>>> print(open('my_file.pdb').read())   # PDB, C-alpha atoms, pLDDT in the B column
ATOM      1  CA  ARG Z  26       0.000   0.000   0.000  1.00 58.00           C
ATOM      2  CA  ALA Z  27       2.781   2.429   0.911  1.00 58.00           C
ATOM      3  CA  ALA Z  28       4.499   1.775  -2.420  1.00 51.00           C
ATOM      4  CA  ARG Z  29       1.246   2.484  -4.308  1.00 50.00           C
ATOM      5  CA  VAL Z  30       0.812   5.748  -2.417  1.00 44.00           C
ATOM      6  CA  ARG Z  31       4.380   6.831  -3.269  1.00 53.00           C
ATOM      7  CA  ARG Z  32       3.848   6.012  -6.955  1.00 48.00           C
ATOM      8  CA  ALA Z  33       0.579   7.955  -6.994  1.00 45.00           C
ATOM      9  CA  ARG Z  34       2.206  10.987  -5.390  1.00 51.00           C
ATOM     10  CA  MET Z  35       5.104  10.808  -7.853  1.00 49.00           C
ATOM     11  CA  HIS Z  36       2.678  10.659 -10.766  1.00 46.00           C
ATOM     12  CA  ARG Z  37       0.660  13.658  -9.502  1.00 46.00           C
ATOM     13  CA  LYS Z  38       3.846  15.675  -9.064  1.00 48.00           C
ATOM     14  CA  GLN Z  39       5.043  14.630 -12.526  1.00 47.00           C
ATOM     15  CA  VAL Z  40       1.765  15.620 -14.207  1.00 43.00           C
ATOM     16  CA  SER Z  41       1.663  18.915 -12.330  1.00 46.00           C
ATOM     17  CA  GLY Z  42       5.214  19.799 -13.342  1.00 47.00           C
ATOM     18  CA  VAL Z  43       4.690  18.897 -16.980  1.00 46.00           C
ATOM     19  CA  SER Z  44       1.426  20.824 -17.143  1.00 49.00           C
ATOM     20  CA  GLY Z  45       3.199  23.837 -15.640  1.00 51.00           C
ATOM     21  CA  VAL Z  46       5.876  23.818 -18.334  1.00 52.00           C
ATOM     22  CA  ARG Z  47       3.330  23.355 -21.130  1.00 50.00           C
ATOM     23  CA  ASN Z  48       1.208  26.179 -19.744  1.00 51.00           C
ATOM     24  CA  ALA Z  49       4.300  28.374 -19.631  1.00 52.00           C
ATOM     25  CA  TYR Z  50       4.936  27.662 -23.314  1.00 49.00           C
ATOM     26  CA  ALA Z  51       1.357  28.572 -24.168  1.00 46.00           C
ATOM     27  CA  ALA Z  52       1.335  31.711 -22.030  1.00 50.00           C
ATOM     28  CA  HIS Z  53       4.494  33.211 -23.499  1.00 44.00           C
ATOM     29  CA  GLU Z  54       4.028  35.343 -26.598  1.00 49.00           C
ATOM     30  CA  ASP Z  55       7.076  33.668 -28.187  1.00 50.00           C
ATOM     31  CA  GLY Z  56       6.112  30.160 -27.135  1.00 49.00           C
ATOM     32  CA  ALA Z  57       8.712  27.632 -25.990  1.00 54.00           C
ATOM     33  CA  THR Z  58      11.614  29.661 -27.397  1.00 60.00           C
ATOM     34  CA  GLY Z  59      10.611  32.737 -25.453  1.00 58.00           C
ATOM     35  CA  TYR Z  60      10.056  30.733 -22.284  1.00 56.00           C
ATOM     36  CA  TYR Z  61      13.537  29.196 -22.394  1.00 55.00           C
ATOM     37  CA  ALA Z  62      15.188  32.487 -23.321  1.00 63.00           C
ATOM     38  CA  GLU Z  63      13.738  34.050 -20.164  1.00 67.00           C
ATOM     39  CA  SER Z  64      13.752  31.085 -17.778  1.00 64.00           C
ATOM     40  CA  GLY Z  65      16.628  28.904 -18.982  1.00 52.00           C
ATOM     41  CA  ALA Z  66      18.884  29.733 -16.026  1.00 71.00           C
ATOM     42  CA  SER Z  67      16.353  28.260 -13.585  1.00 73.00           C
ATOM     43  CA  TYR Z  68      15.087  25.449 -15.808  1.00 79.00           C
ATOM     44  CA  PHE Z  69      14.427  21.982 -14.423  1.00 79.00           C
ATOM     45  CA  ASN Z  70      12.820  18.974 -16.079  1.00 86.00           C
ATOM     46  CA  PRO Z  71       9.958  17.513 -14.014  1.00 90.00           C
ATOM     47  CA  HIS Z  72      10.771  14.168 -15.685  1.00 92.00           C
ATOM     48  CA  ASP Z  73      14.314  14.171 -14.258  1.00 95.00           C
ATOM     49  CA  GLY Z  74      14.013  10.738 -12.654  1.00 96.00           C
ATOM     50  CA  GLY Z  75      12.448   9.286 -15.775  1.00 97.00           C
ATOM     51  CA  VAL Z  76      15.216  10.650 -17.986  1.00 97.00           C
ATOM     52  CA  ARG Z  77      17.807   9.021 -15.715  1.00 97.00           C
ATOM     53  CA  GLN Z  78      15.962   5.701 -15.837  1.00 97.00           C
ATOM     54  CA  CYS Z  79      15.592   5.784 -19.625  1.00 98.00           C
ATOM     55  CA  VAL Z  80      19.250   6.663 -20.197  1.00 98.00           C
ATOM     56  CA  HIS Z  81      20.376   3.849 -17.916  1.00 97.00           C
ATOM     57  CA  ASP Z  82      18.004   1.450 -19.699  1.00 97.00           C
ATOM     58  CA  ALA Z  83      19.435   2.534 -23.061  1.00 98.00           C
ATOM     59  CA  ILE Z  84      22.984   1.833 -21.885  1.00 97.00           C
ATOM     60  CA  ARG Z  85      21.925  -1.595 -20.623  1.00 97.00           C
ATOM     61  CA  LEU Z  86      19.928  -2.513 -23.736  1.00 97.00           C
ATOM     62  CA  TRP Z  87      22.197  -0.998 -26.394  1.00 97.00           C
ATOM     63  CA  PRO Z  88      25.742  -1.179 -25.004  1.00 96.00           C
ATOM     64  CA  GLU Z  89      27.212  -1.010 -28.513  1.00 96.00           C
ATOM     65  CA  LEU Z  90      26.080   2.620 -28.751  1.00 96.00           C
ATOM     66  CA  PHE Z  91      28.255   3.525 -25.758  1.00 95.00           C
ATOM     67  CA  ARG Z  92      31.206   1.211 -26.283  1.00 91.00           C
ATOM     68  CA  GLY Z  93      34.530   3.019 -26.043  1.00 90.00           C
ATOM     69  CA  LEU Z  94      33.209   5.898 -23.946  1.00 91.00           C
ATOM     70  CA  VAL Z  95      34.635   4.475 -20.721  1.00 83.00           C
ATOM     71  CA  THR Z  96      38.004   3.267 -22.038  1.00 75.00           C
ATOM     72  CA  GLY Z  97      41.311   5.059 -22.463  1.00 76.00           C
ATOM     73  CA  ASP Z  98      42.259   8.514 -21.240  1.00 79.00           C
ATOM     74  CA  PRO Z  99      39.051  10.538 -20.666  1.00 82.00           C
ATOM     75  CA  ALA Z 100      40.914  13.698 -21.699  1.00 74.00           C
ATOM     76  CA  ASP Z 101      41.975  12.205 -25.055  1.00 79.00           C
ATOM     77  CA  ASN Z 102      40.218  14.272 -27.731  1.00 74.00           C
ATOM     78  CA  ASP Z 103      40.462  11.336 -30.136  1.00 78.00           C
ATOM     79  CA  GLY Z 104      38.406   9.052 -27.871  1.00 84.00           C
ATOM     80  CA  GLU Z 105      34.731   8.226 -28.408  1.00 93.00           C
ATOM     81  CA  ARG Z 106      32.334  10.956 -27.346  1.00 95.00           C
ATOM     82  CA  VAL Z 107      28.605  11.438 -26.789  1.00 97.00           C
ATOM     83  CA  LEU Z 108      26.579  14.622 -27.363  1.00 98.00           C
ATOM     84  CA  ASP Z 109      23.834  15.703 -24.975  1.00 98.00           C
ATOM     85  CA  LEU Z 110      21.827  17.752 -27.493  1.00 98.00           C
ATOM     86  CA  SER Z 111      19.667  20.547 -26.091  1.00 97.00           C
ATOM     87  CA  CYS Z 112      20.946  19.540 -22.677  1.00 97.00           C
ATOM     88  CA  GLY Z 113      18.667  21.554 -20.401  1.00 95.00           C
ATOM     89  CA  ALA Z 114      19.888  21.410 -16.818  1.00 95.00           C
ATOM     90  CA  GLY Z 115      22.079  18.377 -17.521  1.00 97.00           C
ATOM     91  CA  GLU Z 116      19.661  15.524 -16.867  1.00 97.00           C
ATOM     92  CA  VAL Z 117      21.167  13.278 -19.558  1.00 98.00           C
ATOM     93  CA  THR Z 118      24.759  14.221 -18.740  1.00 98.00           C
ATOM     94  CA  ASP Z 119      24.171  13.471 -15.060  1.00 98.00           C
ATOM     95  CA  ALA Z 120      22.641  10.089 -15.930  1.00 98.00           C
ATOM     96  CA  LEU Z 121      25.591   9.220 -18.178  1.00 97.00           C
ATOM     97  CA  VAL Z 122      28.124  10.168 -15.520  1.00 97.00           C
ATOM     98  CA  LYS Z 123      26.284   8.143 -12.870  1.00 97.00           C
ATOM     99  CA  ALA Z 124      26.398   5.188 -15.259  1.00 96.00           C
ATOM    100  CA  GLY Z 125      30.192   5.450 -15.491  1.00 95.00           C
ATOM    101  CA  VAL Z 126      30.772   7.645 -18.548  1.00 96.00           C
ATOM    102  CA  PRO Z 127      33.538  10.177 -17.788  1.00 95.00           C
ATOM    103  CA  VAL Z 128      32.186  13.719 -17.906  1.00 96.00           C
ATOM    104  CA  GLU Z 129      35.148  14.604 -20.135  1.00 94.00           C
ATOM    105  CA  ARG Z 130      33.662  12.356 -22.832  1.00 96.00           C
ATOM    106  CA  VAL Z 131      30.320  14.178 -22.791  1.00 97.00           C
ATOM    107  CA  ASP Z 132      29.748  17.241 -24.950  1.00 97.00           C
ATOM    108  CA  ALA Z 133      26.582  19.204 -24.290  1.00 98.00           C
ATOM    109  CA  CYS Z 134      24.829  22.126 -25.910  1.00 98.00           C
ATOM    110  CA  ASP Z 135      21.896  24.411 -25.286  1.00 96.00           C
ATOM    111  CA  PRO Z 136      21.509  28.063 -26.248  1.00 95.00           C
ATOM    112  CA  TYR Z 137      19.446  28.923 -23.158  1.00 94.00           C
ATOM    113  CA  THR Z 138      20.318  26.794 -20.126  1.00 94.00           C
ATOM    114  CA  SER Z 139      24.079  27.141 -19.678  1.00 95.00           C
ATOM    115  CA  THR Z 140      23.687  28.518 -16.131  1.00 95.00           C
ATOM    116  CA  ALA Z 141      21.432  25.648 -15.035  1.00 96.00           C
ATOM    117  CA  TYR Z 142      23.744  23.099 -16.712  1.00 97.00           C
ATOM    118  CA  HIS Z 143      26.888  24.487 -15.073  1.00 97.00           C
ATOM    119  CA  ARG Z 144      25.216  24.610 -11.674  1.00 96.00           C
ATOM    120  CA  ARG Z 145      24.428  20.900 -11.847  1.00 97.00           C
ATOM    121  CA  ILE Z 146      27.331  19.433 -13.833  1.00 98.00           C
ATOM    122  CA  GLY Z 147      30.142  21.820 -12.951  1.00 98.00           C
ATOM    123  CA  LYS Z 148      31.255  22.499 -16.503  1.00 97.00           C
ATOM    124  CA  THR Z 149      30.122  24.749 -19.309  1.00 97.00           C
ATOM    125  CA  CYS Z 150      27.963  23.575 -22.181  1.00 98.00           C
ATOM    126  CA  HIS Z 151      28.195  24.889 -25.726  1.00 98.00           C
ATOM    127  CA  ALA Z 152      25.608  27.384 -26.978  1.00 97.00           C
ATOM    128  CA  TRP Z 153      24.852  25.469 -30.194  1.00 97.00           C
ATOM    129  CA  SER Z 154      21.199  25.593 -31.218  1.00 96.00           C
ATOM    130  CA  PHE Z 155      19.180  23.361 -33.523  1.00 96.00           C
ATOM    131  CA  GLN Z 156      19.496  26.101 -36.143  1.00 96.00           C
ATOM    132  CA  ASP Z 157      23.293  26.211 -35.785  1.00 97.00           C
ATOM    133  CA  ILE Z 158      23.548  22.484 -36.404  1.00 97.00           C
ATOM    134  CA  ALA Z 159      21.055  22.595 -39.281  1.00 97.00           C
ATOM    135  CA  ARG Z 160      23.146  25.314 -40.949  1.00 96.00           C
ATOM    136  CA  GLY Z 161      26.214  23.074 -40.822  1.00 96.00           C
ATOM    137  CA  ASP Z 162      28.120  24.958 -38.118  1.00 96.00           C
ATOM    138  CA  LEU Z 163      29.280  21.668 -36.550  1.00 95.00           C
ATOM    139  CA  VAL Z 164      30.523  20.006 -39.723  1.00 94.00           C
ATOM    140  CA  GLY Z 165      33.660  18.000 -38.944  1.00 94.00           C
ATOM    141  CA  ARG Z 166      32.708  17.135 -35.358  1.00 96.00           C
ATOM    142  CA  ARG Z 167      32.049  13.488 -34.516  1.00 96.00           C
ATOM    143  CA  TRP Z 168      30.205  11.630 -31.779  1.00 96.00           C
ATOM    144  CA  LYS Z 169      29.499   7.956 -31.337  1.00 96.00           C
ATOM    145  CA  THR Z 170      25.967   8.673 -30.140  1.00 98.00           C
ATOM    146  CA  VAL Z 171      23.786  11.786 -29.834  1.00 98.00           C
ATOM    147  CA  ILE Z 172      21.057  11.890 -27.176  1.00 98.00           C
ATOM    148  CA  CYS Z 173      18.270  14.465 -27.355  1.00 98.00           C
ATOM    149  CA  SER Z 174      15.878  14.513 -24.424  1.00 97.00           C
ATOM    150  CA  PHE Z 175      12.553  16.381 -24.280  1.00 94.00           C
ATOM    151  CA  ALA Z 176      13.565  18.879 -26.952  1.00 94.00           C
ATOM    152  CA  MET Z 177      13.495  17.673 -30.553  1.00 96.00           C
ATOM    153  CA  HIS Z 178       9.688  17.842 -30.695  1.00 92.00           C
ATOM    154  CA  LEU Z 179      10.110  21.600 -30.131  1.00 90.00           C
ATOM    155  CA  CYS Z 180      12.353  22.059 -33.174  1.00 93.00           C
ATOM    156  CA  GLU Z 181      10.830  24.345 -35.799  1.00 91.00           C
ATOM    157  CA  LYS Z 182       9.329  22.289 -38.597  1.00 92.00           C
ATOM    158  CA  ASP Z 183      11.500  23.822 -41.316  1.00 94.00           C
ATOM    159  CA  PHE Z 184      14.698  23.147 -39.373  1.00 95.00           C
ATOM    160  CA  LEU Z 185      13.963  19.525 -38.426  1.00 97.00           C
ATOM    161  CA  PRO Z 186      14.995  17.824 -41.730  1.00 97.00           C
ATOM    162  CA  PRO Z 187      18.341  19.668 -42.081  1.00 98.00           C
ATOM    163  CA  LEU Z 188      19.011  19.230 -38.352  1.00 98.00           C
ATOM    164  CA  VAL Z 189      18.626  15.453 -38.616  1.00 98.00           C
ATOM    165  CA  MET Z 190      20.586  15.308 -41.873  1.00 98.00           C
ATOM    166  CA  MET Z 191      23.527  17.137 -40.312  1.00 98.00           C
ATOM    167  CA  LEU Z 192      23.406  14.900 -37.221  1.00 98.00           C
ATOM    168  CA  ALA Z 193      23.549  11.872 -39.539  1.00 98.00           C
ATOM    169  CA  CYS Z 194      26.858  13.252 -40.829  1.00 97.00           C
ATOM    170  CA  SER Z 195      28.236  13.553 -37.292  1.00 97.00           C
ATOM    171  CA  CYS Z 196      27.229  10.420 -35.364  1.00 97.00           C
ATOM    172  CA  ASP Z 197      26.555   6.702 -35.667  1.00 94.00           C
ATOM    173  CA  ALA Z 198      23.274   6.653 -33.744  1.00 98.00           C
ATOM    174  CA  LEU Z 199      20.631   8.996 -32.361  1.00 98.00           C
ATOM    175  CA  ILE Z 200      18.573   8.438 -29.209  1.00 98.00           C
ATOM    176  CA  VAL Z 201      15.484  10.595 -28.721  1.00 98.00           C
ATOM    177  CA  LEU Z 202      13.558  10.778 -25.449  1.00 98.00           C
ATOM    178  CA  THR Z 203      10.120  12.292 -25.908  1.00 96.00           C
ATOM    179  CA  PRO Z 204       6.777  12.452 -24.094  1.00 92.00           C
ATOM    180  CA  HIS Z 205       5.023  12.637 -27.488  1.00 87.00           C
ATOM    181  CA  LYS Z 206       4.673  10.746 -30.740  1.00 89.00           C
ATOM    182  CA  ARG Z 207       6.600  13.684 -32.147  1.00 90.00           C
ATOM    183  CA  PRO Z 208       9.095  14.147 -33.620  1.00 94.00           C
ATOM    184  CA  GLU Z 209       8.564  11.865 -36.594  1.00 95.00           C
ATOM    185  CA  LEU Z 210      11.826  11.439 -38.512  1.00 97.00           C
ATOM    186  CA  ASP Z 211      11.720  10.493 -42.189  1.00 97.00           C
ATOM    187  CA  PRO Z 212      14.282   7.787 -43.086  1.00 97.00           C
ATOM    188  CA  SER Z 213      15.310   9.922 -46.083  1.00 98.00           C
ATOM    189  CA  TRP Z 214      16.845  12.369 -43.586  1.00 98.00           C
ATOM    190  CA  GLY Z 215      19.524   9.829 -42.675  1.00 98.00           C
ATOM    191  CA  PHE Z 216      18.190   7.802 -39.721  1.00 98.00           C
ATOM    192  CA  THR Z 217      15.895   4.792 -39.473  1.00 98.00           C
ATOM    193  CA  LEU Z 218      13.910   4.026 -36.324  1.00 98.00           C
ATOM    194  CA  THR Z 219      15.364   0.762 -35.012  1.00 97.00           C
ATOM    195  CA  GLU Z 220      13.490   0.396 -31.739  1.00 98.00           C
ATOM    196  CA  GLU Z 221      11.113   2.288 -29.475  1.00 98.00           C
ATOM    197  CA  ARG Z 222      10.615   1.560 -25.801  1.00 97.00           C
ATOM    198  CA  ARG Z 223       7.950   3.127 -23.607  1.00 96.00           C
ATOM    199  CA  ASP Z 224       8.298   3.647 -19.865  1.00 95.00           C
ATOM    200  CA  ALA Z 225       4.788   3.229 -18.477  1.00 92.00           C
ATOM    201  CA  THR Z 226       5.571   4.943 -15.184  1.00 93.00           C
ATOM    202  CA  TRP Z 227       7.090   8.106 -16.630  1.00 94.00           C
ATOM    203  CA  ARG Z 228       5.300   7.949 -19.985  1.00 93.00           C
ATOM    204  CA  ILE Z 229       8.530   8.532 -21.871  1.00 96.00           C
ATOM    205  CA  ARG Z 230       9.293   7.091 -25.296  1.00 97.00           C
ATOM    206  CA  THR Z 231      12.944   6.187 -25.879  1.00 98.00           C
ATOM    207  CA  ARG Z 232      13.678   5.854 -29.584  1.00 98.00           C
ATOM    208  CA  ARG Z 233      16.817   4.446 -31.107  1.00 98.00           C
ATOM    209  CA  TYR Z 234      17.689   5.575 -34.617  1.00 98.00           C
ATOM    210  CA  ASP Z 235      20.523   4.090 -36.659  1.00 98.00           C
ATOM    211  CA  LYS Z 236      21.970   5.596 -39.800  1.00 95.00           C
ATOM    212  CA  THR Z 237      19.918   4.694 -42.847  1.00 90.00           C
TER     213      THR Z 237
END
>>> encode(input="my_file.pdb", output="structure tokens")
Amino acid sequence: RAARVRRARMHRKQVSGVSGVRNAYAAHEDGATGYYAESGASYFNPHDGGVRQCVHDAIRLWPELFRGLVTGDPADNDGERVLDLSCGAGEVTDALVKAGVPVERVDACDPYTSTAYHRRIGKTCHAWSFQDIARGDLVGRRWKTVICSFAMHLCEKDFLPPLVMMLACSCDALIVLTPHKRPELDPSWGFTLTEERRDATWRIRTRRYDKT
């Protein structure tokens, strides 16, 4: 009984937090972009625990996507790396580090939440935006895997195809965590959906995409 009560309380808190963020998007005259531009420094993801669980599940289920990240000198720039794309307050980075990935092997980017990310992780994230990547500003950079959590569904429709195409030039696999059916990625953009897993407790979809 006590366990059921705790789960119910967690679910109510989760729903309340998510509704608050969605309402903030709707209330701002510039939508999600305006909300993050103003509130990025204090941002937190109400699905924090679910993101951690889904990242750890991904590492357990798809170890080949993370192989090489924990070997060799963490400071070696030629070693395998992972990108925490649109990193928010560092939920994915924190989950990776707790799973044994050296923080030196994690790159992260977000144009709005650098203060929140630094406060949690203790290092600075890049300011790269979806638009920067779509324009080709990161051409020549390489990651073994890119993880995008609770963000890609917010990408402007016109930028989504070039964003995904440029990511396909820079990594071997893409993992998307989303509370929605969106985003829907066309295989012609460079990635094919290999597997989708749904966490019933947190209502998060974890999608694995491999290069087409």
>>> closest_residue(input="my_file.pdb", among="Z:Val95, Z:Ala152, Z:Val201, Z:Leu185", to="Val80 of chain Z", atoms="all atoms listed in the file")
Z:Val201
>>> closest_residue(input="my_file.pdb", among="Z:Val126, Z:Leu108, Z:Ala114, Z:Ala120", to="Ala198 of chain Z", atoms="only C-alpha atoms")
Z:Leu108
>>> closest_atom_pairs(input="my_file.pdb", of="segment 63-95 of chain Z", to="segment 215-226 of chain Z", cutoff="10 Å", atoms="all atoms listed in the file", output="Markdown table")
| residue | atom | partner | partner_atom | distance |
| --- | --- | --- | --- | --- |
| Z:Gly75 | CA | Z:Asp224 | CA | 8.1 |
| Z:Gln78 | CA | Z:Asp224 | CA | 8.9 |
| Z:Cys79 | CA | Z:Asp224 | CA | 7.6 |
| Z:Asp82 | CA | Z:Arg222 | CA | 9.6 |
| Z:Ala83 | CA | Z:Arg222 | CA | 9.3 |
>>> write_last_selection(input="my_file.pdb", atoms="C-alpha atoms", output="PDB file, keeping the file's coordinate frame")
ATOM      1  CA  GLY Z  75      12.448   9.286 -15.775  1.00 97.00           C
ATOM      2  CA  GLN Z  78      15.962   5.701 -15.837  1.00 97.00           C
ATOM      3  CA  CYS Z  79      15.592   5.784 -19.625  1.00 98.00           C
ATOM      4  CA  ASP Z  82      18.004   1.450 -19.699  1.00 97.00           C
ATOM      5  CA  ALA Z  83      19.435   2.534 -23.061  1.00 98.00           C
TER       6      ALA Z  83
END
>>> axis_aligned_box(input="my_file.pdb", around="segment 221-228 of chain Z", padding_each_side="8 Å", output="JSON")
{"center_x": 8.0, "center_y": 4.8, "center_z": -22.3, "size_x": 22.3, "size_y": 22.5, "size_z": 30.3}
>>> closest_residue(input="my_file.pdb", among="Z:Ile229, Z:Leu210, Z:Leu192, Z:Ala66", to="Ala141 of chain Z", atoms="all atoms listed in the file")
Z:Ala66
>>> residues_around(input="my_file.pdb", residues="Asp162 of chain Z", least_positions_apart="6", cutoff="10 Å", atoms="all atoms listed in the file", output="PyMOL selection string")
chain Z and resi 153-154+156+191
>>> atom_distance(input="my_file.pdb", atom1="atom CA of Phe69 of chain Z", atom2="atom CA of Phe155 of chain Z")
19.7 Å
>>> atom_distance(input="my_file.pdb", atom1="atom CA of Glu105 of chain Z", atom2="atom CA of Gly93 of chain Z")
5.7 Å
>>> residues_around(input="my_file.pdb", residues="Leu199 of chain Z", least_positions_apart="3", cutoff="7 Å", atoms="all atoms listed in the file", output="tab-separated table (two decimals) with C-alpha atoms, in the frame of the given file")
chain	number	residue	atom	x	y	z
Z	170	THR	CA	25.97	8.67	-30.14
Z	171	VAL	CA	23.79	11.79	-29.83
Z	172	ILE	CA	21.06	11.89	-27.18
Z	233	ARG	CA	16.82	4.45	-31.11
Z	234	TYR	CA	17.69	5.58	-34.62
Z	235	ASP	CA	20.52	4.09	-36.66
